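Read through the structure below, which is laid out as structure tokens, and then see the notes.
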Amino acid sequence: MDNFLTTMKKTLYYVLVLLLLTSVGCKDDEVFIPPQEQLEIDIELIKTYLVENNIDAIEHESGIFYIIHREGTGDTPTSSSAVKVNYKGNVMGEEEFFDQGTDVSFPLTGVITGWQIGIPLLSEGGAGTFYIPSGYGYGRSGTGNIPGNAILVFRVDLLDVL
């Protein structure tokens with residue numbers, strides 16, 4: 001029975017990836033997936049990825065999944081706070097980081113929604129990993145070397161709430 005469930009999960013994962021790639025690859029006759037449907041697809045892809053990689057993450061009510069690696073002891077930011085962080089980001093399933101920074105300060109109001117939701121789950125001195133559905137990242141269009149509908153993974157160390 002466990003093998004059957006594993007096989008079904010993998011099959012669902014590959015079907016969803018194929019659907020995702022098909023919708024991203026279209027231009028003139030692009031298939032539009034409504035945001036709520038895309039969120040549901042992303043959540044299933046994240047869940048499958050976490051199971052296949054034996055990663056134990058918590059699902060936030062927003063659809064973001066997160067892991068707290070280190071509990072902080074300082075202040076907890078709000079979605080409108082400014083923070084200083086170390087971070088690394090990659091597209092889920094890819095090894096290469098598309099962005100990283102050390103001692104970077106910014107207001108959370110100026111970053112992707114996934115960070116506005118995720119970083120307030122940390123306290124100063126804390127560290128976590130966030131699995132961010134595409135709609136809370138760069139959406140259908142992507143940006144730079146990040147493709148459309150990409151699920152993002154960020155490892156963040158919250159150094160300071162400014």
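Every chain in the structure tokens takes a letter, A first, then B, and so on in the order presented; its residues are numbered from 1, and the ligands are numbered from 1 following the presented order.
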
Inset, instruction - Any chance you could list, as a ChimeraX atom specification, the residues in range 11-154 of chain A that come up alpha helix (DSSP H) when DSSP is run on the backbone? - result: /A:11-25,35-52,113-118

Please tabulate, as a Markdown table, the residues of range 132-153 of chain A that come within 10 Å of range 93-109 of chain A, each with its closest pair of atoms and the distance in Å to one decimal, counting only C-alpha atoms and ordering rows by chain, then residue number upward.
```
| residue | atom | partner | partner_atom | distance |
| --- | --- | --- | --- | --- |
| A:Gly144 | CA | A:Phe98 | CA | 9.3 |
| A:Asn145 | CA | A:Phe98 | CA | 7.2 |
| A:Ile146 | CA | A:Phe98 | CA | 7.4 |
| A:Ile151 | CA | A:Gly93 | CA | 9.0 |
| A:Leu152 | CA | A:Gly93 | CA | 9.3 |
| A:Val153 | CA | A:Gly93 | CA | 8.9 |
```

Could you dump the residues just selected with C-alpha atoms as a PDB file, in the first residue's frame?
```pdb
ATOM      1  CA  GLY A 144      15.274  37.603 -14.717  1.00  0.00           C
ATOM      2  CA  ASN A 145      16.439  33.988 -14.508  1.00  0.00           C
ATOM      3  CA  ILE A 146      13.413  32.952 -12.415  1.00  0.00           C
ATOM      4  CA  ILE A 151       8.096  27.909  -6.435  1.00  0.00           C
ATOM      5  CA  LEU A 152      10.843  29.633  -4.473  1.00  0.00           C
ATOM      6  CA  VAL A 153      12.894  28.318  -1.558  1.00  0.00           C
TER       7      VAL A 153
END
```

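The shortest atom-to-atom distance to Glu59 in chain A, with only C-alpha atoms taken into account, belongs to A:Gly118 out of A:Pro34, A:Gly142, A:Gly135, A:Gly118.
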
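Counting only C-alpha atoms, the residue from A:Gly126, A:Tyr87, A:Tyr138, A:Pro120 that sits nearest to Arg155 in chain A is A:Tyr87.
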
Residues at most 6 Å from Gly72 in chain A, counting only C-alpha atoms, excluding those fewer than 3 positions away in the same chain, as a tab-separated table (two decimals) with C-alpha atoms, in the first residue's frame?
```tsv
chain	number	residue	atom	x	y	z
A	123	SER	CA	12.53	36.37	15.76
A	124	GLU	CA	15.88	38.15	15.78
A	125	GLY	CA	18.63	35.56	15.80
A	126	GLY	CA	16.33	32.97	14.22
```

Legend entry - range 52-57 of chain A environment, 7 Å, only C-alpha atoms, sequence neighbours closer than 5 positions dropped, as an MDAnalysis selection string: chainID A and resid 65:67

Env of Ala150 in chain A: 10 Å cut, atoms = only C-alpha atoms, seq-sep filter 2 positions within chain, self excluded. Answer as an mmCIF file with all heavy atoms, in the first residue's frame.
```
data_model
loop_
_atom_site.group_PDB
_atom_site.id
_atom_site.type_symbol
_atom_site.label_atom_id
_atom_site.label_comp_id
_atom_site.auth_asym_id
_atom_site.auth_seq_id
_atom_site.Cartn_x
_atom_site.Cartn_y
_atom_site.Cartn_z
ATOM 1 N N LEU A 20 2.167 22.518 -15.405
ATOM 2 C CA LEU A 20 2.826 23.791 -15.138
ATOM 3 C C LEU A 20 3.704 24.200 -16.301
ATOM 4 O O LEU A 20 3.648 25.327 -16.776
ATOM 5 C CB LEU A 20 3.653 23.680 -13.848
ATOM 6 C CG LEU A 20 4.423 24.903 -13.411
ATOM 7 C CD1 LEU A 20 3.466 26.020 -13.042
ATOM 8 C CD2 LEU A 20 5.302 24.566 -12.233
ATOM 9 N N VAL A 24 3.313 27.454 -18.810
ATOM 10 C CA VAL A 24 4.367 28.464 -18.847
ATOM 11 C C VAL A 24 4.903 28.629 -20.249
ATOM 12 O O VAL A 24 5.233 29.718 -20.685
ATOM 13 C CB VAL A 24 5.515 28.087 -17.873
ATOM 14 C CG1 VAL A 24 6.718 28.979 -18.075
ATOM 15 C CG2 VAL A 24 5.029 28.189 -16.449
ATOM 16 N N ASP A 42 0.549 24.709 -6.699
ATOM 17 C CA ASP A 42 1.835 24.927 -6.030
ATOM 18 C C ASP A 42 1.897 24.208 -4.682
ATOM 19 O O ASP A 42 2.913 23.599 -4.344
ATOM 20 C CB ASP A 42 2.101 26.422 -5.824
ATOM 21 C CG ASP A 42 2.404 27.172 -7.115
ATOM 22 O OD1 ASP A 42 2.560 26.520 -8.172
ATOM 23 O OD2 ASP A 42 2.479 28.410 -7.058
ATOM 24 N N ASN A 90 16.635 29.791 -4.101
ATOM 25 C CA ASN A 90 16.678 28.967 -5.307
ATOM 26 C C ASN A 90 15.260 28.574 -5.694
ATOM 27 O O ASN A 90 14.333 28.688 -4.903
ATOM 28 C CB ASN A 90 17.557 27.720 -5.111
ATOM 29 C CG ASN A 90 17.074 26.816 -4.003
ATOM 30 O OD1 ASN A 90 17.191 27.160 -2.824
ATOM 31 N ND2 ASN A 90 16.535 25.667 -4.357
ATOM 32 N N VAL A 91 15.122 28.138 -6.935
ATOM 33 C CA VAL A 91 13.854 27.586 -7.390
ATOM 34 C C VAL A 91 13.770 26.176 -6.826
ATOM 35 O O VAL A 91 14.763 25.434 -6.834
ATOM 36 C CB VAL A 91 13.788 27.572 -8.932
ATOM 37 C CG1 VAL A 91 12.557 26.824 -9.416
ATOM 38 C CG2 VAL A 91 13.803 29.003 -9.479
ATOM 39 N N MET A 92 12.605 25.789 -6.307
ATOM 40 C CA MET A 92 12.444 24.469 -5.711
ATOM 41 C C MET A 92 12.864 23.386 -6.697
ATOM 42 O O MET A 92 12.472 23.404 -7.858
ATOM 43 C CB MET A 92 10.984 24.246 -5.292
ATOM 44 C CG MET A 92 10.765 22.968 -4.501
ATOM 45 S SD MET A 92 9.061 22.788 -3.928
ATOM 46 C CE MET A 92 8.275 22.257 -5.464
ATOM 47 N N ILE A 132 7.879 28.941 -0.979
ATOM 48 C CA ILE A 132 6.952 30.007 -1.329
ATOM 49 C C ILE A 132 6.250 29.715 -2.656
ATOM 50 O O ILE A 132 6.901 29.651 -3.706
ATOM 51 C CB ILE A 132 7.710 31.348 -1.408
ATOM 52 C CG1 ILE A 132 8.371 31.650 -0.042
ATOM 53 C CG2 ILE A 132 6.787 32.472 -1.844
ATOM 54 C CD1 ILE A 132 9.260 32.871 -0.036
ATOM 55 N N PRO A 133 4.924 29.544 -2.620
ATOM 56 C CA PRO A 133 4.175 29.352 -3.860
ATOM 57 C C PRO A 133 4.398 30.524 -4.817
ATOM 58 O O PRO A 133 4.648 31.661 -4.402
ATOM 59 C CB PRO A 133 2.715 29.297 -3.394
ATOM 60 C CG PRO A 133 2.802 28.822 -1.971
ATOM 61 C CD PRO A 133 4.055 29.477 -1.432
ATOM 62 N N SER A 134 4.286 30.235 -6.101
ATOM 63 C CA SER A 134 4.631 31.215 -7.135
ATOM 64 C C SER A 134 3.888 32.539 -7.018
ATOM 65 O O SER A 134 4.464 33.593 -7.286
ATOM 66 C CB SER A 134 4.411 30.618 -8.522
ATOM 67 O OG SER A 134 3.063 30.246 -8.717
ATOM 68 N N GLY A 135 2.635 32.510 -6.625
ATOM 69 C CA GLY A 135 1.866 33.752 -6.507
ATOM 70 C C GLY A 135 2.373 34.688 -5.429
ATOM 71 O O GLY A 135 2.081 35.884 -5.454
ATOM 72 N N TYR A 136 3.130 34.154 -4.473
ATOM 73 C CA TYR A 136 3.732 34.980 -3.426
ATOM 74 C C TYR A 136 5.170 35.341 -3.763
ATOM 75 O O TYR A 136 5.867 35.948 -2.953
ATOM 76 C CB TYR A 136 3.704 34.255 -2.082
ATOM 77 C CG TYR A 136 2.316 33.941 -1.575
ATOM 78 C CD1 TYR A 136 2.016 32.691 -1.064
ATOM 79 C CD2 TYR A 136 1.314 34.897 -1.595
ATOM 80 C CE1 TYR A 136 0.747 32.385 -0.586
ATOM 81 C CE2 TYR A 136 0.042 34.612 -1.133
ATOM 82 C CZ TYR A 136 -0.232 33.353 -0.628
ATOM 83 O OH TYR A 136 -1.489 33.075 -0.167
ATOM 84 N N GLY A 137 5.594 34.919 -4.954
ATOM 85 C CA GLY A 137 6.938 35.235 -5.436
ATOM 86 C C GLY A 137 6.838 36.152 -6.637
ATOM 87 O O GLY A 137 6.415 37.302 -6.527
ATOM 88 N N TYR A 138 7.157 35.599 -7.816
ATOM 89 C CA TYR A 138 7.165 36.409 -9.035
ATOM 90 C C TYR A 138 6.056 36.024 -10.010
ATOM 91 O O TYR A 138 6.051 36.464 -11.154
ATOM 92 C CB TYR A 138 8.547 36.337 -9.686
ATOM 93 C CG TYR A 138 9.589 36.914 -8.775
ATOM 94 C CD1 TYR A 138 10.452 36.089 -8.053
ATOM 95 C CD2 TYR A 138 9.674 38.283 -8.566
ATOM 96 C CE1 TYR A 138 11.386 36.623 -7.175
ATOM 97 C CE2 TYR A 138 10.599 38.822 -7.694
ATOM 98 C CZ TYR A 138 11.453 37.985 -7.004
ATOM 99 O OH TYR A 138 12.363 38.512 -6.130
ATOM 100 N N GLY A 139 5.107 35.196 -9.552
ATOM 101 C CA GLY A 139 3.894 34.923 -10.317
ATOM 102 C C GLY A 139 4.102 34.278 -11.673
ATOM 103 O O GLY A 139 5.094 33.606 -11.915
ATOM 104 N N ARG A 140 3.143 34.517 -12.550
ATOM 105 C CA ARG A 140 3.122 33.917 -13.885
ATOM 106 C C ARG A 140 4.272 34.375 -14.752
ATOM 107 O O ARG A 140 4.753 33.626 -15.601
ATOM 108 C CB ARG A 140 1.828 34.285 -14.609
ATOM 109 C CG ARG A 140 0.606 33.645 -14.061
ATOM 110 C CD ARG A 140 -0.649 34.054 -14.816
ATOM 111 N NE ARG A 140 -0.442 33.923 -16.250
ATOM 112 C CZ ARG A 140 -1.063 34.663 -17.152
ATOM 113 N NH1 ARG A 140 -1.916 35.596 -16.790
ATOM 114 N NH2 ARG A 140 -0.852 34.482 -18.442
ATOM 115 N N SER A 141 4.719 35.607 -14.595
ATOM 116 C CA SER A 141 5.715 36.147 -15.512
ATOM 117 C C SER A 141 7.154 35.876 -15.091
ATOM 118 O O SER A 141 8.050 35.947 -15.924
ATOM 119 C CB SER A 141 5.487 37.645 -15.697
ATOM 120 O OG SER A 141 5.507 38.293 -14.447
ATOM 121 N N GLY A 142 7.396 35.586 -13.815
ATOM 122 C CA GLY A 142 8.772 35.395 -13.363
ATOM 123 C C GLY A 142 9.542 36.697 -13.435
ATOM 124 O O GLY A 142 8.980 37.770 -13.645
ATOM 125 N N THR A 143 10.851 36.603 -13.285
ATOM 126 C CA THR A 143 11.722 37.773 -13.400
ATOM 127 C C THR A 143 13.156 37.302 -13.617
ATOM 128 O O THR A 143 13.576 36.306 -13.022
ATOM 129 C CB THR A 143 11.639 38.681 -12.146
ATOM 130 O OG1 THR A 143 12.380 39.869 -12.382
ATOM 131 C CG2 THR A 143 12.162 37.991 -10.911
ATOM 132 N N ILE A 146 14.438 33.702 -13.149
ATOM 133 C CA ILE A 146 13.413 32.952 -12.415
ATOM 134 C C ILE A 146 12.214 32.793 -13.349
ATOM 135 O O ILE A 146 11.602 33.782 -13.748
ATOM 136 C CB ILE A 146 12.984 33.679 -11.129
ATOM 137 C CG1 ILE A 146 14.195 33.909 -10.230
ATOM 138 C CG2 ILE A 146 11.906 32.889 -10.397
ATOM 139 C CD1 ILE A 146 13.926 34.838 -9.068
ATOM 140 N N PRO A 147 11.878 31.549 -13.717
ATOM 141 C CA PRO A 147 10.769 31.346 -14.652
ATOM 142 C C PRO A 147 9.411 31.659 -14.024
ATOM 143 O O PRO A 147 9.281 31.713 -12.804
ATOM 144 C CB PRO A 147 10.875 29.860 -15.009
ATOM 145 C CG PRO A 147 11.589 29.238 -13.857
ATOM 146 C CD PRO A 147 12.505 30.301 -13.309
ATOM 147 N N GLY A 148 8.416 31.854 -14.867
ATOM 148 C CA GLY A 148 7.053 32.056 -14.401
ATOM 149 C C GLY A 148 6.571 30.843 -13.625
ATOM 150 O O GLY A 148 6.974 29.715 -13.886
ATOM 151 N N LEU A 152 9.558 29.160 -4.984
ATOM 152 C CA LEU A 152 10.843 29.633 -4.473
ATOM 153 C C LEU A 152 11.144 29.026 -3.109
ATOM 154 O O LEU A 152 10.237 28.800 -2.312
ATOM 155 C CB LEU A 152 10.825 31.158 -4.356
ATOM 156 C CG LEU A 152 10.436 31.910 -5.627
ATOM 157 C CD1 LEU A 152 10.397 33.410 -5.356
ATOM 158 C CD2 LEU A 152 11.374 31.586 -6.776
ATOM 159 N N VAL A 153 12.433 28.806 -2.858
ATOM 160 C CA VAL A 153 12.894 28.318 -1.558
ATOM 161 C C VAL A 153 13.936 29.305 -1.061
ATOM 162 O O VAL A 153 14.924 29.565 -1.751
ATOM 163 C CB VAL A 153 13.509 26.905 -1.662
ATOM 164 C CG1 VAL A 153 13.963 26.421 -0.288
ATOM 165 C CG2 VAL A 153 12.530 25.923 -2.289
#
```

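The smallest atom-to-atom distance between Ile119 in chain A and any of A:Val85, A:Ser62, A:Leu39, A:Asn149, using only C-alpha atoms, is found for A:Val85.
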
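When CA of Tyr131 in chain A is paired with CA of Tyr49 in chain A, their separation reads 10.2 Å.
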
Legend entry - strand (DSSP E or B) per DSSP on the backbone: members of range 6-140 of chain A, as a ChimeraX atom specification: /A:58-59,65-70,82-91,97-107,127-132

Save the residues we just selected, N, CA, C and O atoms, as a short mmCIF file (atom, residue, chain, number, x, y, z; two decimals), in the first residue's frame?
```
data_model
loop_
_atom_site.label_atom_id
_atom_site.label_comp_id
_atom_site.auth_asym_id
_atom_site.auth_seq_id
_atom_site.Cartn_x
_atom_site.Cartn_y
_atom_site.Cartn_z
N ILE A 58 6.18 23.00 8.17
CA ILE A 58 4.86 23.41 8.67
C ILE A 58 4.15 24.18 7.57
O ILE A 58 4.76 25.04 6.92
N GLU A 59 2.87 23.90 7.38
CA GLU A 59 2.09 24.65 6.41
C GLU A 59 1.43 25.84 7.09
O GLU A 59 0.68 25.68 8.04
N PHE A 65 5.08 27.04 3.15
CA PHE A 65 5.57 26.02 4.07
C PHE A 65 6.87 26.55 4.66
O PHE A 65 7.63 27.23 3.96
N TYR A 66 7.13 26.23 5.92
CA TYR A 66 8.34 26.75 6.53
C TYR A 66 8.91 25.78 7.55
O TYR A 66 8.23 24.92 8.09
N ILE A 67 10.21 25.96 7.78
CA ILE A 67 10.95 25.21 8.79
C ILE A 67 11.69 26.24 9.63
O ILE A 67 12.36 27.13 9.07
N ILE A 68 11.59 26.16 10.93
CA ILE A 68 12.39 27.00 11.81
C ILE A 68 13.61 26.17 12.22
O ILE A 68 13.48 25.16 12.88
N HIS A 69 14.77 26.61 11.75
CA HIS A 69 16.01 25.89 12.06
C HIS A 69 16.59 26.32 13.41
O HIS A 69 17.23 25.54 14.09
N ARG A 70 16.37 27.59 13.73
CA ARG A 70 16.89 28.13 14.98
C ARG A 70 15.89 29.16 15.49
O ARG A 70 15.50 30.08 14.77
N ALA A 82 11.31 46.88 8.93
CA ALA A 82 12.56 46.79 8.17
C ALA A 82 13.43 45.76 8.90
O ALA A 82 13.37 45.66 10.14
N VAL A 83 14.19 44.98 8.15
CA VAL A 83 14.99 43.91 8.73
C VAL A 83 16.37 43.87 8.10
O VAL A 83 16.60 44.42 7.03
N LYS A 84 17.28 43.19 8.79
CA LYS A 84 18.60 42.88 8.24
C LYS A 84 18.73 41.36 8.26
O LYS A 84 18.49 40.73 9.30
N VAL A 85 19.10 40.77 7.10
CA VAL A 85 19.14 39.32 6.96
C VAL A 85 20.35 38.84 6.17
O VAL A 85 20.98 39.61 5.45
N ASN A 86 20.64 37.55 6.34
CA ASN A 86 21.45 36.79 5.40
C ASN A 86 20.45 35.86 4.71
O ASN A 86 19.53 35.35 5.36
N TYR A 87 20.62 35.63 3.41
CA TYR A 87 19.66 34.76 2.72
C TYR A 87 20.27 34.10 1.49
O TYR A 87 21.27 34.58 0.95
N LYS A 88 19.64 33.01 1.08
CA LYS A 88 19.95 32.33 -0.18
C LYS A 88 18.64 31.88 -0.76
O LYS A 88 17.78 31.38 -0.04
N GLY A 89 18.46 32.06 -2.08
CA GLY A 89 17.22 31.66 -2.71
C GLY A 89 17.45 30.82 -3.95
O GLY A 89 18.37 31.09 -4.73
N ASN A 90 16.63 29.79 -4.10
CA ASN A 90 16.68 28.97 -5.31
C ASN A 90 15.26 28.57 -5.69
O ASN A 90 14.33 28.69 -4.90
N VAL A 91 15.12 28.14 -6.94
CA VAL A 91 13.85 27.59 -7.39
C VAL A 91 13.77 26.18 -6.83
O VAL A 91 14.76 25.43 -6.83
N PHE A 97 21.67 28.68 -6.61
CA PHE A 97 21.01 29.84 -6.02
C PHE A 97 20.86 30.93 -7.08
O PHE A 97 21.82 31.23 -7.78
N PHE A 98 19.68 31.50 -7.20
CA PHE A 98 19.49 32.62 -8.12
C PHE A 98 19.81 33.94 -7.45
O PHE A 98 20.02 34.95 -8.10
N ASP A 99 19.87 33.94 -6.10
CA ASP A 99 20.18 35.17 -5.37
C ASP A 99 20.64 34.80 -3.97
O ASP A 99 20.22 33.78 -3.41
N GLN A 100 21.52 35.63 -3.42
CA GLN A 100 21.95 35.48 -2.03
C GLN A 100 22.53 36.79 -1.55
O GLN A 100 22.96 37.61 -2.35
N GLY A 101 22.49 36.98 -0.25
CA GLY A 101 23.02 38.22 0.31
C GLY A 101 23.41 38.05 1.76
O GLY A 101 22.89 37.18 2.46
N THR A 102 24.34 38.90 2.20
CA THR A 102 24.83 38.89 3.57
C THR A 102 24.67 40.29 4.14
O THR A 102 25.02 41.28 3.48
N ASP A 103 24.12 40.37 5.36
CA ASP A 103 23.89 41.66 6.03
C ASP A 103 23.11 42.64 5.15
O ASP A 103 23.46 43.81 5.03
N VAL A 104 22.04 42.16 4.56
CA VAL A 104 21.22 42.97 3.66
C VAL A 104 20.04 43.53 4.46
O VAL A 104 19.35 42.80 5.16
N SER A 105 19.83 44.86 4.35
CA SER A 105 18.74 45.52 5.06
C SER A 105 17.71 46.03 4.06
O SER A 105 18.07 46.54 3.00
N PHE A 106 16.43 45.92 4.42
CA PHE A 106 15.36 46.39 3.56
C PHE A 106 14.05 46.39 4.35
O PHE A 106 13.89 45.66 5.31
N PRO A 107 13.08 47.21 3.89
CA PRO A 107 11.75 47.15 4.49
C PRO A 107 10.99 45.96 3.88
O PRO A 107 11.08 45.72 2.67
N ALA A 127 16.48 31.47 12.36
CA ALA A 127 16.75 31.09 10.98
C ALA A 127 15.66 30.13 10.51
O ALA A 127 15.17 29.31 11.29
N GLY A 128 15.29 30.26 9.26
CA GLY A 128 14.26 29.38 8.72
C GLY A 128 14.39 29.21 7.23
O GLY A 128 15.13 29.93 6.56
N THR A 129 13.66 28.23 6.72
CA THR A 129 13.55 28.01 5.28
C THR A 129 12.08 28.15 4.92
O THR A 129 11.21 27.62 5.61
N PHE A 130 11.83 28.85 3.82
CA PHE A 130 10.47 29.11 3.36
C PHE A 130 10.28 28.54 1.96
O PHE A 130 11.10 28.80 1.07
N TYR A 131 9.22 27.79 1.77
CA TYR A 131 8.82 27.25 0.47
C TYR A 131 7.65 28.11 0.03
O TYR A 131 6.56 28.04 0.61
N ILE A 132 7.88 28.94 -0.98
CA ILE A 132 6.95 30.01 -1.33
C ILE A 132 6.25 29.71 -2.66
O ILE A 132 6.90 29.65 -3.71
#
```

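With only C-alpha atoms as the atoms that count, the minimum distance from Gln38 in chain A to the choices A:Gly63, A:Asp157, A:Ile117, A:Leu162 is reached by A:Gly63.
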
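For the set A:Val161, A:Val111, A:Ile46, A:Val156, the residue with the smallest atom-to-atom gap to Ile64 in chain A is A:Ile46, counting only C-alpha atoms.
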